[in-house]
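Visitor: Supplied structure: query-v4.txt, compact mmCIF, C-alpha atoms.
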# COMPACT_ATOMS: atom_id res chain seq x y z
CA MET B 1 56.03 13.27 18.08
CA ASP B 2 54.39 10.05 16.81
CA GLU B 3 55.12 9.44 13.11
CA GLN B 4 51.58 8.19 12.52
CA ALA B 5 50.20 11.55 13.70
CA MET B 6 52.27 13.44 11.08
CA LEU B 7 50.75 14.34 7.70
CA GLU B 8 52.84 13.39 4.68
CA THR B 9 52.81 16.35 2.24
CA SER B 10 55.54 15.46 -0.27
CA LYS B 11 52.89 14.98 -3.03
CA ALA B 12 50.68 17.92 -2.05
CA GLU B 13 51.32 19.85 -5.30
CA ARG B 14 50.78 16.91 -7.65
CA ALA B 15 47.88 17.49 -10.06
CA VAL B 16 45.12 14.85 -9.88
CA TRP B 17 41.75 14.36 -11.58
CA LEU B 18 38.54 13.84 -9.65
CA MET B 19 36.08 11.65 -11.52
CA LYS B 20 32.47 10.66 -10.75
CA THR B 21 31.92 7.21 -12.23
CA PRO B 22 28.82 5.02 -12.72
CA GLN B 23 28.43 2.09 -10.35
CA VAL B 24 29.25 -0.51 -13.03
CA VAL B 25 32.60 1.16 -13.74
CA ALA B 26 33.48 1.47 -10.05
CA GLN B 27 32.74 -2.23 -9.50
CA THR B 28 34.90 -3.21 -12.49
CA TRP B 29 37.83 -1.18 -11.20
CA GLN B 30 37.49 -2.60 -7.68
CA ASN B 31 37.42 -6.17 -9.03
CA ASN B 32 40.59 -5.55 -11.08
CA ALA B 33 42.48 -3.33 -8.65
CA ASP B 34 45.14 -6.00 -8.02
CA ALA B 35 45.40 -7.18 -11.63
CA GLY B 36 48.77 -5.41 -12.15
CA HIS B 37 47.78 -3.67 -15.41
CA PRO B 38 45.90 -0.44 -16.33
CA VAL B 39 42.12 -0.69 -15.97
CA ALA B 40 41.33 2.15 -18.42
CA LYS B 41 42.82 4.72 -20.74
CA VAL B 42 41.86 8.32 -21.48
CA VAL B 43 41.60 9.46 -25.09
CA LEU B 44 41.94 13.19 -25.79
CA SER B 45 40.37 14.40 -29.05
CA VAL B 46 40.94 17.91 -30.44
CA ASP B 47 38.77 19.46 -33.15
CA PRO B 48 40.89 22.10 -34.98
CA LEU B 49 37.84 23.48 -36.79
CA GLN B 50 35.99 24.31 -33.58
CA THR B 51 36.32 28.01 -32.70
CA ASP B 52 35.17 27.62 -29.10
CA PRO B 53 38.12 26.29 -27.04
CA SER B 54 35.80 24.72 -24.48
CA CYS B 55 34.13 22.61 -27.18
CA SER B 56 37.24 21.80 -29.22
CA VAL B 57 38.57 19.32 -26.63
CA GLN B 58 36.78 16.03 -25.96
CA PHE B 59 37.76 13.47 -23.32
CA ASP B 60 36.77 9.82 -23.63
CA MET B 61 37.63 6.85 -21.43
CA GLU B 62 37.98 3.29 -22.65
CA LEU B 63 37.93 0.40 -20.19
CA THR B 64 40.64 -2.15 -20.89
CA THR B 65 38.67 -4.92 -19.19
CA THR B 66 35.09 -5.58 -18.06
CA ASP B 67 33.45 -8.24 -15.89
CA ASN B 68 30.60 -8.62 -18.36
CA ALA B 69 30.69 -8.50 -22.15
CA ASN B 70 27.39 -6.56 -22.12
CA LYS B 71 28.87 -3.68 -20.12
CA PRO B 72 29.76 -0.54 -22.13
CA LYS B 73 33.51 0.03 -22.57
CA ILE B 74 33.56 3.62 -23.87
CA TYR B 75 32.46 6.59 -21.75
CA SER B 76 32.42 10.35 -22.30
CA LEU B 77 34.02 12.67 -19.74
CA ASN B 78 32.47 16.09 -19.09
CA MET B 79 35.10 18.37 -17.59
CA PHE B 80 34.31 21.07 -15.02
CA LYS B 81 36.76 23.86 -14.23
CA ASP B 82 34.61 25.87 -11.83
CA PHE B 83 34.62 23.92 -8.55
CA VAL B 84 35.74 24.30 -4.96
CA PRO B 85 39.50 23.67 -4.50
CA MET B 86 40.04 20.18 -3.14
CA CYS B 87 42.87 17.87 -2.16
CA VAL B 88 43.07 14.07 -2.14
CA PHE B 89 44.11 12.24 1.04
CA ALA B 90 45.09 8.62 1.56
CA GLU B 91 45.49 6.46 4.66
CA THR B 92 47.74 3.41 4.82
CA SER B 93 46.98 0.19 6.70
CA GLN B 94 49.35 1.40 9.42
CA GLY B 95 47.24 4.51 9.95
CA ARG B 96 49.54 7.05 8.28
CA VAL B 97 47.75 9.86 6.40
CA SER B 98 49.24 11.55 3.34
CA VAL B 99 48.24 14.19 0.79
CA GLU B 100 48.16 12.55 -2.65
CA GLY B 101 47.64 15.71 -4.67
CA LYS B 102 45.51 18.72 -5.57
CA VAL B 103 42.42 18.33 -7.77
CA GLU B 104 43.11 20.05 -11.09
CA HIS B 105 40.14 18.82 -13.16
CA LYS B 106 36.77 17.42 -12.21
CA PHE B 107 34.92 15.04 -14.53
CA ASP B 108 31.50 13.46 -14.75
CA MET B 109 31.50 10.16 -16.63
CA LYS B 110 28.54 9.12 -18.78
CA PRO B 111 28.08 6.39 -21.40
CA ASN B 112 29.12 7.29 -24.92
CA ASN B 113 26.33 7.81 -27.44
CA GLU B 114 27.40 4.60 -29.18
CA ASN B 115 26.81 2.58 -26.00
CA ILE B 116 23.78 4.38 -24.58
CA GLU B 117 21.35 1.53 -25.41
CA GLU B 118 23.62 -1.06 -23.78
CA TYR B 119 23.85 1.10 -20.67
CA ARG B 120 20.06 1.52 -20.48
CA ARG B 121 19.56 -2.22 -20.78
CA LEU B 122 22.13 -2.76 -18.03
CA CYS B 123 20.32 -0.29 -15.75
CA ARG B 124 16.99 -2.02 -16.36
CA GLU B 125 18.50 -5.41 -15.50
CA ARG B 126 19.99 -3.99 -12.30
CA THR B 127 16.62 -2.46 -11.33
CA ASN B 128 14.78 -5.74 -11.96
CA LYS B 129 17.30 -7.68 -9.88
CA SER B 130 16.89 -5.26 -6.97
CA LYS B 131 13.12 -5.94 -6.95
CA ILE B 132 13.61 -9.70 -6.51
CA LYS B 133 13.29 -10.70 -2.86
CA VAL B 134 16.05 -13.06 -1.80
CA ARG B 135 14.75 -15.81 0.48
CA GLN B 136 17.17 -17.20 3.03
CA VAL B 137 17.00 -20.59 4.71
CA GLN B 138 18.53 -20.70 8.16
CA VAL B 139 19.64 -24.01 9.61
CA ILE B 140 19.03 -24.34 13.35
CA ASP B 141 21.83 -26.27 15.03
CA ASN B 142 19.72 -27.18 18.06
CA ASP B 143 16.92 -29.44 16.78
CA ARG B 144 15.69 -30.50 20.24
CA GLY B 145 13.49 -27.46 20.74
CA VAL B 146 15.46 -26.00 23.67
CA HIS B 147 14.71 -22.46 22.55
CA MET B 148 10.98 -23.29 22.38
CA ARG B 149 10.63 -24.35 26.00
CA PRO B 150 8.22 -22.40 28.26
CA MET B 151 9.58 -19.52 30.27
CA PRO B 152 10.34 -20.13 33.98
CA GLY B 153 7.13 -19.99 36.02
CA MET B 154 4.92 -20.86 33.06
CA VAL B 155 5.08 -24.66 33.45
CA GLY B 156 2.78 -24.84 36.49
CA LEU B 157 0.44 -22.28 35.02
CA LEU B 158 0.05 -24.21 31.80
CA GLY B 159 -0.32 -27.51 33.62
CA SER B 160 -3.08 -26.34 35.95
CA ASN B 161 -5.08 -24.30 33.49
CA SER B 162 -4.40 -26.11 30.22
CA LYS B 163 -7.76 -27.98 30.20
CA ALA B 164 -9.78 -24.88 31.00
CA PHE B 165 -7.81 -22.88 28.43
CA THR B 166 -8.37 -25.56 25.79
CA SER B 167 -12.10 -25.70 26.50
CA ARG B 168 -12.35 -21.93 26.13
CA LEU B 169 -10.56 -22.12 22.81
CA ASP B 170 -12.93 -24.88 21.64
CA LYS B 171 -15.93 -22.75 22.59
CA LYS B 172 -14.52 -19.81 20.67
CA LYS B 173 -13.97 -21.99 17.62
CA THR B 174 -17.42 -23.58 17.71
CA ALA B 175 -19.37 -20.42 18.55
CA PRO B 176 -20.98 -19.03 15.40
CA VAL B 177 -19.74 -15.59 14.54
CA LYS B 178 -22.27 -13.27 13.00
CA GLY B 179 -21.17 -9.78 12.09
CA GLN B 180 -23.38 -6.85 12.95
CA ASP B 181 -23.07 -5.53 9.44
CA MET B 182 -23.79 -8.87 7.76
CA LYS B 183 -25.89 -8.37 4.65
CA ARG B 184 -29.50 -9.45 5.23
CA THR B 185 -31.95 -10.35 2.48
CA ARG B 186 -35.18 -8.32 2.44
CA ARG B 187 -38.43 -10.25 2.72
CA ASP B 188 -41.56 -9.45 0.77
CA ARG B 189 -43.20 -6.38 2.29
CA GLY B 190 -46.60 -8.05 2.85
CA GLU B 191 -44.96 -11.14 4.38
CA LEU B 192 -42.90 -8.98 6.74
CA GLU B 193 -46.00 -7.04 7.85
CA ASP B 194 -47.74 -10.32 8.76
CA ILE B 195 -44.70 -11.35 10.82
CA MET B 196 -44.72 -7.98 12.59
CA PHE B 197 -48.39 -8.30 13.53
CA LYS B 198 -47.75 -11.75 15.01
CA LEU B 199 -44.80 -10.40 17.02
CA PHE B 200 -46.91 -7.61 18.46
CA GLU B 201 -49.54 -10.18 19.42
CA ARG B 202 -46.90 -11.87 21.57
CA GLN B 203 -46.00 -8.62 23.36
CA PRO B 204 -47.13 -5.03 22.84
CA ASN B 205 -43.72 -3.30 22.91
CA TRP B 206 -40.51 -4.07 21.02
CA THR B 207 -37.18 -2.30 20.56
CA LEU B 208 -35.62 -2.00 17.11
CA LYS B 209 -32.75 -4.27 18.11
CA GLN B 210 -35.16 -6.98 19.26
CA LEU B 211 -37.15 -6.81 16.03
CA VAL B 212 -33.97 -7.02 13.92
CA GLN B 213 -32.99 -10.18 15.79
CA GLU B 214 -36.49 -11.68 15.49
CA THR B 215 -37.01 -10.91 11.80
CA ASP B 216 -33.40 -11.02 10.57
CA GLN B 217 -34.12 -8.00 8.38
CA PRO B 218 -32.03 -4.89 7.62
CA ALA B 219 -32.59 -2.20 10.25
CA GLN B 220 -33.31 0.53 7.69
CA PHE B 221 -35.93 -1.57 5.88
CA LEU B 222 -37.47 -2.48 9.23
CA LYS B 223 -37.70 1.20 10.20
CA GLU B 224 -39.72 1.93 7.07
CA ILE B 225 -42.29 -0.71 8.07
CA LEU B 226 -42.34 0.44 11.70
CA ASN B 227 -42.99 4.07 10.69
CA GLU B 228 -46.13 2.93 8.88
CA LEU B 229 -47.44 0.44 11.47
CA CYS B 230 -46.18 1.64 14.82
CA VAL B 231 -45.70 4.53 17.19
CA TYR B 232 -42.28 5.19 18.76
CA ASN B 233 -42.38 5.89 22.51
CA LYS B 234 -39.96 8.72 23.30
CA ARG B 235 -40.80 8.88 27.01
CA GLY B 236 -42.59 7.00 29.75
CA THR B 237 -42.17 3.47 31.05
CA ASN B 238 -41.92 2.08 27.47
CA GLN B 239 -39.38 4.65 26.32
CA GLY B 240 -37.32 3.52 23.30
CA THR B 241 -39.84 0.90 22.11
CA TYR B 242 -42.36 0.58 19.31
CA GLU B 243 -46.04 -0.33 19.65
CA LEU B 244 -48.79 -0.71 17.07
CA LYS B 245 -50.84 2.35 16.08
CA PRO B 246 -54.35 2.39 17.56
CA GLU B 247 -56.03 1.58 14.22
CA TYR B 248 -53.85 -1.53 13.78
CA LYS B 249 -54.44 -2.58 17.38
CA LYS B 250 -58.16 -2.34 16.73
CA SER B 251 -57.99 -4.48 13.59
CA ALA B 252 -55.85 -7.03 15.40
CA GLU B 253 -58.40 -7.24 18.21
CA GLU B 254 -61.22 -7.73 15.70
CA VAL B 255 -59.30 -10.58 14.11
CA ASP B 256 -58.86 -12.20 17.53
CA ALA B 257 -62.60 -11.81 18.24
CA ASP B 258 -63.52 -13.52 14.99
Step by step, read the file and then write its structure as structure tokens.
Guide:
Amino acid sequence: MDEQAMLETSKAERAVWLMKTPQVVAQTWQNNADAGHPVAKVVLSVDPLQTDPSCSVQFDMELTTTDNANKPKIYSLNMFKDFVPMCVFAETSQGRVSVEGKVEHKFDMKPNNENIEEYRRLCRERTNKSKIKVRQVQVIDNDRGVHMRPMPGMVGLLGSNSKAFTSRLDKKKTAPVKGQDMKRTRRDRGELEDIMFKLFERQPNWTLKQLVQETDQPAQFLKEILNELCVYNKRGTNQGTYELKPEYKKSAEEVDAD
């Protein structure tokens, strides 16, 4: 049987501690993993006056080295005894897997009360750094524009239609764009009524869209004037248009006669 496929169990009964550490502590340990000296020490404190055994023992961890002087060095360890039985496994660079031990105690690490303000400041700095967008400048080795050449089959198309395409673009640029919902300024009511009478002298029937274009007035304001001066044709040959009411037609004719 292949030796790499065998599980090494010589350390299966060794007691180990499982510890959940903050990110700053994990980074410090990773950076000093090959330093050749301990990265931290555990301090066990016992209070003989405490009657509750669970509260009489206090675990603290002190880091022997840190990457930053502002990082907290002392942390409190909260021990948990009620957890699912677990074992620790390790894999070597050759692919061999071994059991390193059985988890006896589980700890959650948190900053000591003495260092809680330093830890909060460190977390705020880390959060602020994560919000900063890092801009990257990429140097293009090929500065002759090879990657910007037209796709095969596009050269003839661009050559034959480039002038027509350019002229269409110029027309689009020069053509005035006027939105349908552009805000229009209302005229004086009497002035607008005079303009309406002159328009109906030109032709007897107008649609609302035509009158909006001729007067450059808001459609709602124009409707108010039309409801007073005109009749809306709902059927017949002039369906969908406005024409002056008979009394206004009569007055307009009298003005023409004078």
Visitor: May I ask for the distance between CA of Gly36 in chain B and CA of Glu13 in chain B, given in Å to one decimal place?
Guide: 26.3 Å
Visitor: Counting only C-alpha atoms, which of B:Ile132, B:Ile116, B:Val57, B:Met79 gets nearest to Lys20 in chain B?
Guide: B:Met79
Visitor: Please, what distance in Å, to one decimal, runs between CA of Val99 in chain B and CA of Leu7 in chain B?
Guide: 7.4 Å
Visitor: What is the CA of Glu243 in chain B-CA of Gln213 in chain B distance in Å, reported with one decimal?
Guide: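 Going from CA of Glu243 in chain B over to CA of Gln213 in chain B covers 16.8 Å.
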Visitor: Quick one: what's the axis-aligned box for range 106-121 of chain B, all listed atoms, 8 Å on every side, centre and edges in Å to one decimal, as JSON?
Guide:
{"center_x": 28.2, "center_y": 7.6, "center_z": -20.7, "size_x": 33.2, "size_y": 35.6, "size_z": 33.0}
Visitor: For Glu224 in chain B, which residue out of B:Pro72, B:Ser98, B:Thr241, B:Leu192 is the nearest one, using all atoms listed in the file?
Guide: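 Of B:Pro72, B:Ser98, B:Thr241, B:Leu192, the one nearest Glu224 in chain B is B:Leu192, counting all atoms listed in the file.
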Visitor: So which one's closest to Leu211 in chain B, B:Lys129, B:Tyr242, B:Glu62, B:Thr185? Using all atoms listed in the file, please.
Guide: B:Tyr242
Visitor: Skipping near chain neighbours, those fewer than 3 positions away, what residues fall within 8 Å of range 199-204 of chain B using all atoms listed in the file, listed as a ChimeraX atom specification?
Guide: /B:195-196,243-244
Visitor: Between B:Pro22, B:Arg121, B:Ile74, B:Ser10, single out the one closest to Lys41 in chain B, counting all atoms listed in the file.
Guide: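 With all atoms listed in the file as the atom set, the closest residue is B:Ile74.
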Visitor: Could you tell me which of B:Ser93, B:Thr28, B:Arg120, B:Arg186 comes closest to Asp216 in chain B if we count all atoms listed in the file?
Guide: B:Arg186
Visitor: Nearest to Arg187 in chain B: which of B:Leu208, B:Val42, B:Val103, B:Leu222 is it, counting all atoms listed in the file?
Guide: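 The shortest atom-to-atom distance to Arg187 in chain B comes from B:Leu222.
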Visitor: Near Leu18 in chain B, within 7 Å and counting all atoms listed in the file, which residues show up once chain neighbours fewer than 3 positions away are dropped, as a ChimeraX atom specification?
Guide: /B:103,105-107
Visitor: Store the residues of this selection in a file with C-alpha atoms, as a PDB file, in the frame of the given file.
Guide:
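Below you can see out_19.pdb, which holds the result:
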ATOM      1  CA  VAL B 103      42.420  18.330  -7.770  1.00  0.00           C
ATOM      2  CA  HIS B 105      40.140  18.820 -13.160  1.00  0.00           C
ATOM      3  CA  LYS B 106      36.770  17.420 -12.210  1.00  0.00           C
ATOM      4  CA  PHE B 107      34.920  15.040 -14.530  1.00  0.00           C
TER       5      PHE B 107
END
Visitor: Name the residues in contact with Asn112 in chain B at a cut-off of 12 Å, using all atoms listed in the file, excluding same-chain residues fewer than 2 positions from it; report them as JSON, numbers by chain.
Guide: {"B": [58, 59, 60, 61, 62, 71, 72, 73, 74, 75, 76, 77, 78, 109, 110, 114, 115, 116, 117, 118, 119, 120]}
Visitor: Would you list the residues near (33.5, -3.9, -10.6) (no more than 12 Å away, in the coordinates of the file, using all atoms listed in the file) as a PyMOL selection string?
Guide: chain B and resi 21-33+39+63+65-68+71
